[in-house]
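Here is the file target.cif (mmCIF, C-alpha atoms (C1' of nucleotides)).
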data_query
loop_
_atom_site.label_atom_id
_atom_site.label_comp_id
_atom_site.auth_asym_id
_atom_site.auth_seq_id
_atom_site.Cartn_x
_atom_site.Cartn_y
_atom_site.Cartn_z
CA MET X 1 -80.26 51.20 -129.10
CA THR X 2 -77.22 50.35 -127.05
CA ASP X 3 -74.82 50.68 -129.90
CA SER X 4 -76.29 51.77 -133.22
CA PRO X 5 -78.96 49.47 -134.57
CA THR X 6 -80.13 52.39 -136.68
CA GLY X 7 -76.70 52.54 -138.22
CA ARG X 8 -76.91 48.94 -139.30
CA GLN X 9 -80.37 49.46 -140.70
CA LEU X 10 -79.18 52.47 -142.58
CA LEU X 11 -76.34 50.51 -144.10
CA ALA X 12 -78.69 47.75 -145.15
CA LEU X 13 -81.04 50.23 -146.77
CA ALA X 14 -78.08 51.92 -148.41
CA GLN X 15 -77.03 48.60 -149.89
CA SER X 16 -80.45 47.98 -151.40
CA PHE X 17 -80.73 51.52 -152.58
CA ARG X 18 -77.39 51.32 -154.29
CA THR X 19 -78.40 48.19 -156.14
CA THR X 20 -81.67 49.70 -157.24
CA LEU X 21 -79.90 52.86 -158.26
CA ARG X 22 -77.70 50.85 -160.57
CA HIS X 23 -80.69 49.12 -162.07
CA ALA X 24 -82.36 52.47 -162.50
CA VAL X 25 -79.40 53.67 -164.53
CA TYR X 26 -79.78 50.56 -166.63
CA LEU X 27 -83.49 51.17 -167.03
CA SER X 28 -82.87 54.74 -167.97
CA ARG X 29 -80.37 53.78 -170.61
CA SER X 30 -82.71 51.20 -172.06
CA MET X 31 -85.18 54.01 -172.73
CA ASP X 32 -82.69 55.91 -174.85
CA GLY X 33 -82.99 53.81 -178.00
CA ASP X 34 -83.45 54.66 -181.66
CA GLY X 35 -82.55 57.96 -183.25
CA GLU X 36 -84.51 59.86 -180.67
CA LEU X 37 -83.37 62.62 -178.42
CA THR X 38 -81.24 61.39 -175.56
CA THR X 39 -82.31 61.85 -171.98
CA MET X 40 -79.76 64.58 -171.49
CA GLN X 41 -80.92 66.39 -174.60
CA MET X 42 -84.48 66.24 -173.42
CA SER X 43 -83.49 67.62 -170.04
CA THR X 44 -81.71 70.49 -171.70
CA LEU X 45 -84.71 71.28 -173.85
CA SER X 46 -87.07 71.06 -170.91
CA MET X 47 -84.96 73.55 -168.97
CA ALA X 48 -85.01 75.98 -171.86
CA ALA X 49 -88.73 75.46 -172.30
CA ASP X 50 -89.63 77.85 -169.50
CA GLU X 51 -87.24 80.63 -170.28
CA PRO X 52 -83.88 81.19 -171.98
CA LEU X 53 -81.00 80.17 -169.76
CA ARG X 54 -77.25 80.37 -169.64
CA VAL X 55 -74.84 77.70 -170.69
CA SER X 56 -73.44 77.54 -167.17
CA ARG X 57 -76.91 76.89 -165.77
CA VAL X 58 -77.42 74.07 -168.21
CA ALA X 59 -74.11 72.56 -167.14
CA ALA X 60 -74.97 72.84 -163.47
CA ASN X 61 -78.39 71.31 -163.94
CA LEU X 62 -77.03 68.40 -165.90
CA GLY X 63 -74.16 67.88 -163.52
CA ILE X 64 -71.52 68.32 -166.20
CA ARG X 65 -68.81 70.89 -166.90
CA VAL X 66 -69.35 73.99 -168.96
CA PRO X 67 -67.33 72.85 -172.01
CA SER X 68 -69.36 69.64 -172.18
CA ALA X 69 -72.55 71.64 -172.03
CA THR X 70 -71.32 73.93 -174.79
CA GLU X 71 -70.69 70.87 -176.92
CA GLN X 72 -74.17 69.47 -176.43
CA ILE X 73 -75.83 72.81 -176.94
CA ILE X 74 -73.99 73.38 -180.20
CA LYS X 75 -75.31 70.06 -181.43
CA LEU X 76 -78.83 71.02 -180.49
CA GLU X 77 -78.30 74.31 -182.29
CA GLN X 78 -77.10 72.55 -185.42
CA ALA X 79 -80.20 70.40 -185.26
CA GLY X 80 -82.22 73.61 -185.15
CA LEU X 81 -83.74 72.84 -181.76
CA VAL X 82 -82.26 75.76 -179.82
CA SER X 83 -80.79 79.13 -180.63
CA ARG X 84 -77.85 80.82 -178.92
CA GLN X 85 -77.83 84.55 -178.38
CA PRO X 86 -75.71 86.82 -176.25
CA ASP X 87 -77.40 87.92 -173.06
CA PRO X 88 -78.38 91.58 -173.54
CA THR X 89 -77.61 92.32 -169.90
CA ASP X 90 -74.17 90.67 -169.93
CA SER X 91 -72.48 90.07 -173.23
CA ARG X 92 -70.15 87.47 -171.80
CA ALA X 93 -73.08 85.19 -171.26
CA VAL X 94 -74.98 83.19 -173.87
CA LEU X 95 -78.68 82.53 -173.63
CA VAL X 96 -79.96 79.21 -174.87
CA GLN X 97 -83.48 79.39 -176.14
CA LEU X 98 -85.88 76.83 -177.50
CA THR X 99 -86.90 77.23 -181.14
CA ASP X 100 -90.40 76.34 -182.28
CA LYS X 101 -88.98 73.22 -183.84
CA GLY X 102 -87.21 72.44 -180.58
CA ARG X 103 -90.39 72.82 -178.59
CA ALA X 104 -92.31 70.57 -180.93
CA ALA X 105 -89.57 67.93 -180.91
CA TRP X 106 -89.34 68.03 -177.15
CA GLU X 107 -93.06 67.73 -176.61
CA GLU X 108 -93.38 64.84 -178.96
CA ALA X 109 -90.38 62.96 -177.61
CA SER X 110 -91.55 63.60 -174.09
CA LEU X 111 -94.96 62.19 -174.85
CA ARG X 112 -93.55 59.11 -176.44
CA ARG X 113 -91.25 58.47 -173.50
CA ASN X 114 -94.05 58.89 -171.06
CA GLU X 115 -96.09 56.38 -172.95
CA ARG X 116 -93.26 53.91 -172.89
CA VAL X 117 -92.77 54.35 -169.15
CA ALA X 118 -96.50 54.24 -168.56
CA ALA X 119 -96.58 50.89 -170.31
CA LEU X 120 -94.13 49.61 -167.73
CA LEU X 121 -96.13 51.06 -164.87
CA GLU X 122 -99.18 49.20 -166.06
CA HIS X 123 -97.64 46.04 -164.69
CA LEU X 124 -97.98 47.42 -161.17
CA ASP X 125 -101.08 47.32 -159.04
CA ASP X 126 -102.59 50.43 -157.45
CA ASP X 127 -100.80 50.02 -154.13
CA GLU X 128 -97.48 49.64 -155.80
CA ARG X 129 -98.04 52.69 -157.90
CA ALA X 130 -99.00 54.66 -154.81
CA THR X 131 -95.84 53.59 -153.03
CA LEU X 132 -93.75 54.49 -156.03
CA ALA X 133 -95.40 57.88 -156.30
CA ALA X 134 -94.71 58.54 -152.64
CA ALA X 135 -91.08 57.54 -152.97
CA LEU X 136 -90.23 59.80 -155.90
CA PRO X 137 -90.11 63.09 -153.96
CA ILE X 138 -88.01 61.38 -151.31
CA ILE X 139 -85.43 60.37 -153.86
CA GLU X 140 -85.47 63.93 -155.15
CA LYS X 141 -84.80 65.12 -151.64
CA LEU X 142 -81.71 62.92 -151.47
CA ASN X 143 -80.41 64.58 -154.56
CA LEU X 144 -80.62 68.04 -153.07
CA THR X 145 -78.64 66.84 -150.09
CA THR X 146 -75.74 65.89 -152.32
CA MET F 1 -113.78 55.91 -165.70
CA THR F 2 -115.66 56.90 -168.78
CA ASP F 3 -112.62 57.35 -170.95
CA SER F 4 -109.32 56.54 -169.30
CA PRO F 5 -108.57 58.63 -166.25
CA THR F 6 -106.21 55.86 -165.21
CA GLY F 7 -104.33 56.43 -168.42
CA ARG F 8 -103.83 60.06 -167.61
CA GLN F 9 -102.71 59.23 -164.10
CA LEU F 10 -100.28 56.72 -165.49
CA LEU F 11 -98.82 59.29 -167.82
CA ALA F 12 -98.44 61.77 -164.99
CA LEU F 13 -96.69 59.22 -162.84
CA ALA F 14 -94.54 58.25 -165.78
CA GLN F 15 -93.50 61.86 -166.16
CA SER F 16 -92.44 62.16 -162.54
CA PHE F 17 -90.77 58.82 -162.60
CA ARG F 18 -88.78 59.77 -165.67
CA THR F 19 -87.54 62.92 -164.01
CA THR F 20 -86.55 61.10 -160.86
CA LEU F 21 -84.88 58.43 -162.93
CA ARG F 22 -82.72 61.06 -164.53
CA HIS F 23 -81.80 62.50 -161.17
CA ALA F 24 -81.01 59.02 -159.97
CA VAL F 25 -78.53 58.63 -162.78
CA TYR F 26 -77.01 61.90 -161.69
CA LEU F 27 -76.89 60.76 -158.08
CA SER F 28 -75.35 57.50 -159.10
CA ARG F 29 -72.65 59.22 -161.08
CA SER F 30 -71.87 61.56 -158.23
CA MET F 31 -71.02 58.52 -156.13
CA ASP F 32 -68.41 57.34 -158.60
CA GLY F 33 -65.70 59.82 -157.67
CA ASP F 34 -62.04 59.43 -156.84
CA GLY F 35 -59.83 56.61 -158.03
CA GLU F 36 -62.27 54.05 -156.70
CA LEU F 37 -63.92 51.22 -158.49
CA THR F 38 -66.73 52.34 -160.75
CA THR F 39 -70.28 51.18 -160.21
CA MET F 40 -70.03 48.87 -163.18
CA GLN F 41 -66.80 47.37 -161.93
CA MET F 42 -68.33 46.75 -158.54
CA SER F 43 -71.31 45.06 -160.14
CA THR F 44 -69.03 42.82 -162.11
CA LEU F 45 -67.08 41.87 -159.04
CA SER F 46 -70.22 41.23 -157.04
CA MET F 47 -71.50 38.88 -159.70
CA ALA F 48 -68.26 36.95 -159.68
CA ALA F 49 -68.28 36.88 -155.90
CA ASP F 50 -70.70 33.99 -155.72
CA GLU F 51 -69.22 31.79 -158.39
CA PRO F 52 -67.15 32.09 -161.57
CA LEU F 53 -69.21 33.21 -164.50
CA ARG F 54 -68.93 33.63 -168.25
CA VAL F 55 -68.13 36.80 -170.07
CA SER F 56 -71.45 36.64 -171.86
CA ARG F 57 -73.28 36.47 -168.55
CA VAL F 58 -71.43 39.51 -167.30
CA ALA F 59 -72.39 41.37 -170.45
CA ALA F 60 -76.04 40.39 -170.12
CA ASN F 61 -76.17 41.39 -166.46
CA LEU F 62 -74.61 44.73 -167.11
CA GLY F 63 -76.76 45.37 -170.16
CA ILE F 64 -73.79 45.80 -172.47
CA ARG F 65 -72.40 43.85 -175.44
CA VAL F 66 -69.90 41.07 -175.11
CA PRO F 67 -66.93 43.00 -176.55
CA SER F 68 -67.50 45.80 -174.06
CA ALA F 69 -67.61 43.30 -171.23
CA THR F 70 -64.38 41.71 -172.45
CA GLU F 71 -62.78 45.13 -172.34
CA GLN F 72 -63.84 45.81 -168.77
CA ILE F 73 -62.92 42.36 -167.59
CA ILE F 74 -59.46 42.63 -169.09
CA LYS F 75 -58.96 45.83 -167.14
CA LEU F 76 -60.03 44.14 -163.94
CA GLU F 77 -57.66 41.31 -164.72
CA GLN F 78 -54.80 43.72 -165.26
CA ALA F 79 -55.59 45.24 -161.91
CA GLY F 80 -55.35 41.76 -160.43
CA LEU F 81 -58.95 41.73 -159.24
CA VAL F 82 -60.22 38.83 -161.37
CA SER F 83 -58.71 35.91 -163.23
CA ARG F 84 -59.82 34.53 -166.57
CA GLN F 85 -59.71 30.81 -167.22
CA PRO F 86 -61.20 28.61 -169.91
CA ASP F 87 -64.31 26.79 -168.82
CA PRO F 88 -63.29 23.13 -168.35
CA THR F 89 -66.67 21.99 -169.64
CA ASP F 90 -66.61 24.18 -172.76
CA SER F 91 -63.33 25.56 -173.94
CA ARG F 92 -64.96 28.27 -175.99
CA ALA F 93 -66.15 29.91 -172.82
CA VAL F 94 -64.10 31.91 -170.37
CA LEU F 95 -64.79 31.91 -166.66
CA VAL F 96 -64.28 35.12 -164.77
CA GLN F 97 -63.33 34.54 -161.17
CA LEU F 98 -62.66 36.83 -158.25
CA THR F 99 -59.13 36.82 -156.88
CA ASP F 100 -58.50 37.29 -153.16
CA LYS F 101 -57.37 40.79 -153.89
CA GLY F 102 -60.52 41.35 -155.91
CA ARG F 103 -62.72 40.15 -153.11
CA ALA F 104 -61.00 42.38 -150.59
CA ALA F 105 -61.18 45.39 -152.89
CA TRP F 106 -64.83 44.78 -153.59
CA GLU F 107 -65.78 44.38 -149.94
CA GLU F 108 -63.98 47.50 -148.93
CA ALA F 109 -65.32 49.61 -151.76
CA SER F 110 -68.80 48.31 -151.12
CA LEU F 111 -68.59 49.24 -147.48
CA ARG F 112 -67.38 52.71 -148.22
CA ARG F 113 -70.14 53.31 -150.74
CA ASN F 114 -72.75 52.08 -148.35
CA GLU F 115 -71.48 54.49 -145.75
CA ARG F 116 -71.66 57.35 -148.17
CA VAL F 117 -75.21 56.49 -149.19
CA ALA F 118 -76.17 55.92 -145.58
CA ALA F 119 -74.99 59.43 -144.81
CA LEU F 120 -77.49 60.69 -147.36
CA LEU F 121 -80.26 58.57 -145.95
CA GLU F 122 -79.68 60.07 -142.53
CA HIS F 123 -81.37 63.21 -143.76
CA LEU F 124 -84.62 61.34 -144.07
CA ASP F 125 -87.06 60.64 -141.26
CA ASP F 126 -88.28 57.17 -140.40
CA ASP F 127 -91.43 57.38 -142.48
CA GLU F 128 -89.52 58.51 -145.50
CA ARG F 129 -87.04 55.71 -145.13
CA ALA F 130 -89.86 53.21 -144.83
CA THR F 131 -91.46 54.51 -147.99
CA LEU F 132 -88.17 54.37 -149.81
CA ALA F 133 -87.52 50.83 -148.65
CA ALA F 134 -90.97 49.79 -149.85
CA ALA F 135 -90.43 51.37 -153.24
CA LEU F 136 -87.12 49.70 -154.04
CA PRO F 137 -88.50 46.24 -154.85
CA ILE F 138 -91.16 47.88 -156.98
CA ILE F 139 -88.56 49.61 -159.09
CA GLU F 140 -86.74 46.32 -159.40
CA LYS F 141 -89.93 44.78 -160.65
CA LEU F 142 -90.15 47.38 -163.40
CA ASN F 143 -86.72 46.39 -164.53
CA LEU F 144 -87.67 42.76 -164.99
CA THR F 145 -90.56 43.84 -167.13
CA THR F 146 -88.24 45.48 -169.60
"C1'" DC P 1 -60.02 106.69 -166.29
"C1'" DG P 2 -56.84 102.54 -166.32
"C1'" DG P 3 -55.24 98.33 -164.40
"C1'" DT P 4 -56.22 94.10 -162.37
"C1'" DC P 5 -58.91 90.32 -161.24
"C1'" DA P 6 -63.09 87.55 -161.70
"C1'" DT P 7 -66.62 85.51 -164.71
"C1'" DA P 8 -68.69 83.21 -169.11
"C1'" DG P 9 -67.85 80.60 -172.93
"C1'" DT P 10 -65.20 78.40 -176.51
"C1'" DT P 11 -61.39 75.72 -178.39
"C1'" DA P 12 -58.06 71.99 -178.26
"C1'" DG P 13 -56.67 67.65 -176.96
"C1'" DG P 14 -57.24 63.53 -174.43
"C1'" DT P 15 -59.74 59.43 -172.09
"C1'" DA P 16 -63.27 55.88 -171.08
"C1'" DG P 17 -66.98 53.22 -172.32
"C1'" DC P 18 -69.84 51.84 -175.47
"C1'" DC P 19 -70.89 50.04 -180.28
"C1'" DT P 20 -70.63 47.03 -184.90
"C1'" DA P 21 -68.07 44.13 -187.97
"C1'" DA P 22 -64.77 40.78 -188.82
"C1'" DC P 23 -62.28 37.07 -187.07
"C1'" DA P 24 -60.60 32.61 -184.48
"C1'" DT P 25 -61.87 28.75 -181.96
"C1'" DT P 26 -64.77 25.21 -180.27
"C1'" DC P 27 -68.97 22.54 -179.97
"C1'" DA P 28 -72.95 19.85 -181.88
"C1'" DG P 29 -75.74 17.36 -185.24
"C1'" DG P 30 -76.46 15.01 -189.55
"C1'" DC J 1 -66.13 14.80 -191.19
"C1'" DC J 2 -68.38 19.09 -192.31
"C1'" DT J 3 -71.36 22.60 -191.76
"C1'" DG J 4 -73.62 25.86 -188.76
"C1'" DA J 5 -74.16 27.80 -184.12
"C1'" DA J 6 -72.05 29.67 -180.04
"C1'" DT J 7 -68.23 32.11 -177.36
"C1'" DG J 8 -64.75 35.44 -177.13
"C1'" DT J 9 -61.34 38.59 -178.93
"C1'" DT J 10 -59.54 42.14 -182.08
"C1'" DA J 11 -59.97 46.28 -184.80
"C1'" DG J 12 -61.90 50.57 -185.66
"C1'" DG J 13 -65.05 54.19 -184.67
"C1'" DC J 14 -68.27 57.23 -182.05
"C1'" DT J 15 -69.93 60.00 -178.16
"C1'" DA J 16 -69.83 62.12 -173.96
"C1'" DC J 17 -67.27 63.49 -170.70
"C1'" DC J 18 -62.91 65.74 -168.75
"C1'" DT J 19 -58.83 69.46 -167.95
"C1'" DA J 20 -56.07 73.21 -169.60
"C1'" DA J 21 -55.50 77.16 -172.20
"C1'" DC J 22 -57.52 81.00 -174.42
"C1'" DT J 23 -60.79 85.19 -175.55
"C1'" DA J 24 -63.79 88.57 -174.22
"C1'" DT J 25 -66.43 91.04 -171.11
"C1'" DG J 26 -67.68 92.88 -166.62
"C1'" DA J 27 -66.56 94.86 -161.97
"C1'" DC J 28 -63.90 96.85 -158.59
"C1'" DC J 29 -60.65 100.30 -156.92
"C1'" DG J 30 -56.90 103.35 -156.57
#
Before we go any further, please render this structure as structure tokens.
Amino acid sequence: MTDSPTGRQLLALAQSFRTTLRHAVYLSRSMDGDGELTTMQMSTLSMAADEPLRVSRVAANLGIRVPSATEQIIKLEQAGLVSRQPDPTDSRAVLVQLTDKGRAAWEEASLRRNERVAALLEHLDDDERATLAAALPIIEKLNLTT
Amino acid sequence: MTDSPTGRQLLALAQSFRTTLRHAVYLSRSMDGDGELTTMQMSTLSMAADEPLRVSRVAANLGIRVPSATEQIIKLEQAGLVSRQPDPTDSRAVLVQLTDKGRAAWEEASLRRNERVAALLEHLDDDERATLAAALPIIEKLNLTT
DNA sequence: CGGTCATAGTTAGGTAGCCTAACATTCAGG
DNA sequence: CCTGAATGTTAGGCTACCTAACTATGACCG
């Protein structure tokens, strides 16, 4: 504790974390296959599942700019999965809302993804799964810090 | 244990994991800023750091196709960070090798990234860091399964 | 009120990274 | 040799992101 042993440990953990983060991106992409909804599309739908929300909120949640969000949302609209309507309380804003078709598509895609991920998790033993489960909220916490 | 309570637990964990995975992608992207090396570029350099390797190996490690790897490698070459030379033992193959400049750039970028991630990790307490450290190899294991 | 500034989205145009298909070159086996 | 497999590169296209410029609405204030 003379100098900063904690600092070195932190750097070492950061190194490992960075590597794993990269592999996680890889893993995530490998889940995206087929003609299914993309991860980003599913996130958008899941946000709108609770209540209609603004384009700017979608952008913020996805970590992209508003024009990019508009683009994606228009595609979802053309696919009939969401509808766009002016916000009655502020006609500048646009509310993105899930259609019935959108909800069905999201639920089904979500289920299928979960099954695919669950199949991976089956290769872990109980302890490993417990550790993983404990780590997830911690990673979430890191995100908020950003 | 009558039906498959484990199955339901697995699905629930899968759901959480999927969400965190998405946020991890977000986190990872948020690290990519500036005019620095991208994550993919750093991975490529780190692979070549040990010994020269083939384009096809780079592609496989990054999870992309060979033409895409060629593209990235050519950019790195133009930046003077790697060199491309025919494999003496098989002149179809091309060996990608780190230049001195490439090694220096990689080491510096790596250090800076680690510092940035370490800054995030500082917001965690010791227990949380321990849990995170324990979870990393488990996530790696999932990747191999893919 | 009426003018000015901020806010919400869309449009336009450009870039980066990925893909498949088609192509050269080289190796390996009968 | 000659044919088929393996290794890269080239060509062309797609998607998701970006910034800049624009429209339209709201909000504040003299």
Let's have chain F fitted on chain X; use all the C-alpha atoms paired in order for the least-squares step and return it as a short mmCIF file (atom, residue, chain, number, x, y, z; two decimals) with C-alpha atoms, in the coordinates of the input.
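And here's out.cif as it stands now:
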data_model
loop_
_atom_site.label_atom_id
_atom_site.label_comp_id
_atom_site.auth_asym_id
_atom_site.auth_seq_id
_atom_site.Cartn_x
_atom_site.Cartn_y
_atom_site.Cartn_z
CA MET F 1 -80.39 51.09 -129.17
CA THR F 2 -77.39 50.27 -127.10
CA ASP F 3 -74.89 50.64 -129.88
CA SER F 4 -76.32 51.72 -133.21
CA PRO F 5 -78.90 49.36 -134.62
CA THR F 6 -80.15 52.29 -136.66
CA GLY F 7 -76.72 52.51 -138.20
CA ARG F 8 -76.88 48.92 -139.31
CA GLN F 9 -80.35 49.40 -140.72
CA LEU F 10 -79.16 52.45 -142.57
CA LEU F 11 -76.31 50.51 -144.10
CA ALA F 12 -78.65 47.74 -145.17
CA LEU F 13 -81.00 50.20 -146.78
CA ALA F 14 -78.07 51.92 -148.40
CA GLN F 15 -77.00 48.62 -149.89
CA SER F 16 -80.41 47.97 -151.41
CA PHE F 17 -80.73 51.51 -152.57
CA ARG F 18 -77.37 51.35 -154.29
CA THR F 19 -78.36 48.23 -156.16
CA THR F 20 -81.66 49.71 -157.25
CA LEU F 21 -79.90 52.88 -158.25
CA ARG F 22 -77.69 50.90 -160.56
CA HIS F 23 -80.67 49.15 -162.08
CA ALA F 24 -82.34 52.50 -162.50
CA VAL F 25 -79.40 53.69 -164.54
CA TYR F 26 -79.79 50.58 -166.63
CA LEU F 27 -83.51 51.19 -167.02
CA SER F 28 -82.89 54.77 -167.94
CA ARG F 29 -80.40 53.81 -170.60
CA SER F 30 -82.74 51.24 -172.05
CA MET F 31 -85.22 54.03 -172.70
CA ASP F 32 -82.74 55.97 -174.80
CA GLY F 33 -82.98 53.85 -177.93
CA ASP F 34 -83.51 54.70 -181.57
CA GLY F 35 -82.58 57.98 -183.19
CA GLU F 36 -84.54 59.89 -180.58
CA LEU F 37 -83.41 62.65 -178.34
CA THR F 38 -81.28 61.43 -175.47
CA THR F 39 -82.34 61.91 -171.88
CA MET F 40 -79.78 64.64 -171.43
CA GLN F 41 -80.94 66.45 -174.54
CA MET F 42 -84.52 66.31 -173.36
CA SER F 43 -83.51 67.71 -169.99
CA THR F 44 -81.72 70.55 -171.67
CA LEU F 45 -84.71 71.35 -173.82
CA SER F 46 -87.08 71.17 -170.89
CA MET F 47 -84.97 73.65 -168.97
CA ALA F 48 -85.00 76.05 -171.88
CA ALA F 49 -88.72 75.56 -172.30
CA ASP F 50 -89.60 77.97 -169.53
CA GLU F 51 -87.20 80.74 -170.35
CA PRO F 52 -83.83 81.25 -172.04
CA LEU F 53 -80.97 80.25 -169.82
CA ARG F 54 -77.19 80.44 -169.70
CA VAL F 55 -74.81 77.74 -170.73
CA SER F 56 -73.40 77.63 -167.23
CA ARG F 57 -76.85 77.01 -165.80
CA VAL F 58 -77.40 74.16 -168.21
CA ALA F 59 -74.10 72.65 -167.16
CA ALA F 60 -74.94 72.97 -163.47
CA ASN F 61 -78.38 71.44 -163.93
CA LEU F 62 -77.04 68.52 -165.86
CA GLY F 63 -74.15 68.00 -163.47
CA ILE F 64 -71.53 68.40 -166.17
CA ARG F 65 -68.80 70.96 -166.90
CA VAL F 66 -69.33 74.03 -168.99
CA PRO F 67 -67.31 72.83 -172.02
CA SER F 68 -69.36 69.64 -172.16
CA ALA F 69 -72.55 71.65 -172.03
CA THR F 70 -71.30 73.90 -174.83
CA GLU F 71 -70.70 70.81 -176.91
CA GLN F 72 -74.19 69.45 -176.40
CA ILE F 73 -75.83 72.79 -176.94
CA ILE F 74 -73.98 73.31 -180.20
CA LYS F 75 -75.32 69.98 -181.39
CA LEU F 76 -78.84 70.98 -180.48
CA GLU F 77 -78.31 74.24 -182.31
CA GLN F 78 -77.11 72.43 -185.40
CA ALA F 79 -80.22 70.33 -185.25
CA GLY F 80 -82.22 73.55 -185.16
CA LEU F 81 -83.74 72.82 -181.76
CA VAL F 82 -82.25 75.76 -179.84
CA SER F 83 -80.76 79.13 -180.68
CA ARG F 84 -77.81 80.78 -178.98
CA GLN F 85 -77.77 84.53 -178.48
CA PRO F 86 -75.63 86.83 -176.37
CA ASP F 87 -77.30 87.94 -173.19
CA PRO F 88 -78.26 91.61 -173.72
CA THR F 89 -77.51 92.37 -170.08
CA ASP F 90 -74.08 90.70 -170.08
CA SER F 91 -72.38 90.05 -173.35
CA ARG F 92 -70.08 87.45 -171.90
CA ALA F 93 -73.04 85.19 -171.35
CA VAL F 94 -74.92 83.21 -173.94
CA LEU F 95 -78.63 82.55 -173.71
CA VAL F 96 -79.91 79.22 -174.91
CA GLN F 97 -83.45 79.42 -176.19
CA LEU F 98 -85.88 76.86 -177.53
CA THR F 99 -86.88 77.24 -181.16
CA ASP F 100 -90.40 76.34 -182.30
CA LYS F 101 -89.00 73.21 -183.83
CA GLY F 102 -87.23 72.45 -180.57
CA ARG F 103 -90.39 72.86 -178.57
CA ALA F 104 -92.33 70.59 -180.89
CA ALA F 105 -89.60 67.96 -180.87
CA TRP F 106 -89.36 68.07 -177.11
CA GLU F 107 -93.10 67.77 -176.56
CA GLU F 108 -93.41 64.87 -178.90
CA ALA F 109 -90.42 63.01 -177.55
CA SER F 110 -91.59 63.62 -174.02
CA LEU F 111 -95.00 62.21 -174.80
CA ARG F 112 -93.58 59.13 -176.40
CA ARG F 113 -91.28 58.47 -173.47
CA ASN F 114 -94.08 58.90 -171.02
CA GLU F 115 -96.12 56.37 -172.92
CA ARG F 116 -93.29 53.90 -172.87
CA VAL F 117 -92.77 54.32 -169.13
CA ALA F 118 -96.50 54.19 -168.54
CA ALA F 119 -96.57 50.84 -170.30
CA LEU F 120 -94.10 49.59 -167.72
CA LEU F 121 -96.10 51.00 -164.86
CA GLU F 122 -99.16 49.13 -166.06
CA HIS F 123 -97.60 45.97 -164.71
CA LEU F 124 -97.92 47.32 -161.21
CA ASP F 125 -101.03 47.20 -159.05
CA ASP F 126 -102.56 50.26 -157.46
CA ASP F 127 -100.78 49.85 -154.14
CA GLU F 128 -97.45 49.50 -155.82
CA ARG F 129 -98.03 52.58 -157.89
CA ALA F 130 -99.01 54.52 -154.80
CA THR F 131 -95.85 53.46 -153.03
CA LEU F 132 -93.76 54.39 -156.02
CA ALA F 133 -95.42 57.78 -156.29
CA ALA F 134 -94.75 58.42 -152.61
CA ALA F 135 -91.11 57.46 -152.96
CA LEU F 136 -90.27 59.74 -155.87
CA PRO F 137 -90.18 63.01 -153.92
CA ILE F 138 -88.08 61.30 -151.29
CA ILE F 139 -85.47 60.34 -153.83
CA GLU F 140 -85.53 63.89 -155.11
CA LYS F 141 -84.86 65.06 -151.60
CA LEU F 142 -81.76 62.89 -151.43
CA ASN F 143 -80.48 64.57 -154.52
CA LEU F 144 -80.71 68.03 -153.01
CA THR F 145 -78.71 66.82 -150.07
CA THR F 146 -75.80 65.96 -152.28
#
Pull out every residue of chain F sitting within 6 Å of chain X, counting only C-alpha atoms, and send them as a ChimeraX atom specification. /F:10-11,14-15,25,114,117-118,131-132,135
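Atom C1' of DT11 of chain P is found 19.2 Å from atom CA of Val96 of chain X.
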Output as a Markdown table one row per residue of chain X within 10 Å of chain J: the closest atom pair and its distance in Å to one decimal place, counting only C-alpha atoms (C1' of nucleotides), sorted by chain and residue number ascending.
| residue | atom | partner | partner_atom | distance |
| --- | --- | --- | --- | --- |
| X:Ile64 | CA | J:DC17 | C1' | 7.9 |
| X:Arg65 | CA | J:DC18 | C1' | 8.0 |
| X:Pro67 | CA | J:DC18 | C1' | 9.0 |
| X:Ser68 | CA | J:DC17 | C1' | 6.7 |
| X:Ala69 | CA | J:DC17 | C1' | 9.8 |
| X:Glu71 | CA | J:DA16 | C1' | 9.3 |
| X:Gln72 | CA | J:DA16 | C1' | 8.9 |
| X:Asp90 | CA | J:DG26 | C1' | 7.6 |
| X:Ser91 | CA | J:DT25 | C1' | 6.5 |
| X:Arg92 | CA | J:DT25 | C1' | 5.2 |
| X:Ala93 | CA | J:DT25 | C1' | 8.9 |
Pull C-alpha atoms from the residues just selected and write them as a PDB file, keeping the file's coordinate frame.
ATOM      1  CA  ILE X  64     -71.520  68.320-166.200  1.00  0.00           C
ATOM      2  CA  ARG X  65     -68.810  70.890-166.900  1.00  0.00           C
ATOM      3  CA  PRO X  67     -67.330  72.850-172.010  1.00  0.00           C
ATOM      4  CA  SER X  68     -69.360  69.640-172.180  1.00  0.00           C
ATOM      5  CA  ALA X  69     -72.550  71.640-172.030  1.00  0.00           C
ATOM      6  CA  GLU X  71     -70.690  70.870-176.920  1.00  0.00           C
ATOM      7  CA  GLN X  72     -74.170  69.470-176.430  1.00  0.00           C
ATOM      8  CA  ASP X  90     -74.170  90.670-169.930  1.00  0.00           C
ATOM      9  CA  SER X  91     -72.480  90.070-173.230  1.00  0.00           C
ATOM     10  CA  ARG X  92     -70.150  87.470-171.800  1.00  0.00           C
ATOM     11  CA  ALA X  93     -73.080  85.190-171.260  1.00  0.00           C
TER      12      ALA X  93
END
Report the residues retrieved by the PyMOL selection byres ((chain P) within 9 of (chain F)) from the displayed file, expressed as a list in words. DG17, DC18, DC19, DT25, DT26 and DC27 of chain P
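In this model, the gap between atom C1' of DA28 of chain P and atom CA of Ser56 of chain F comes to 19.6 Å.
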In Å and to one decimal, atom CA of Gln41 of chain X is distant from atom CA of Glu36 of chain F by 28.6 Å
Shell of 12 Å around Gly102 of chain X, all atoms listed in the file, local chain residues under 3 positions omitted, as number ranges by chain: X: 37, 41-42, 44-49, 73, 76-83, 96-99, 105-110
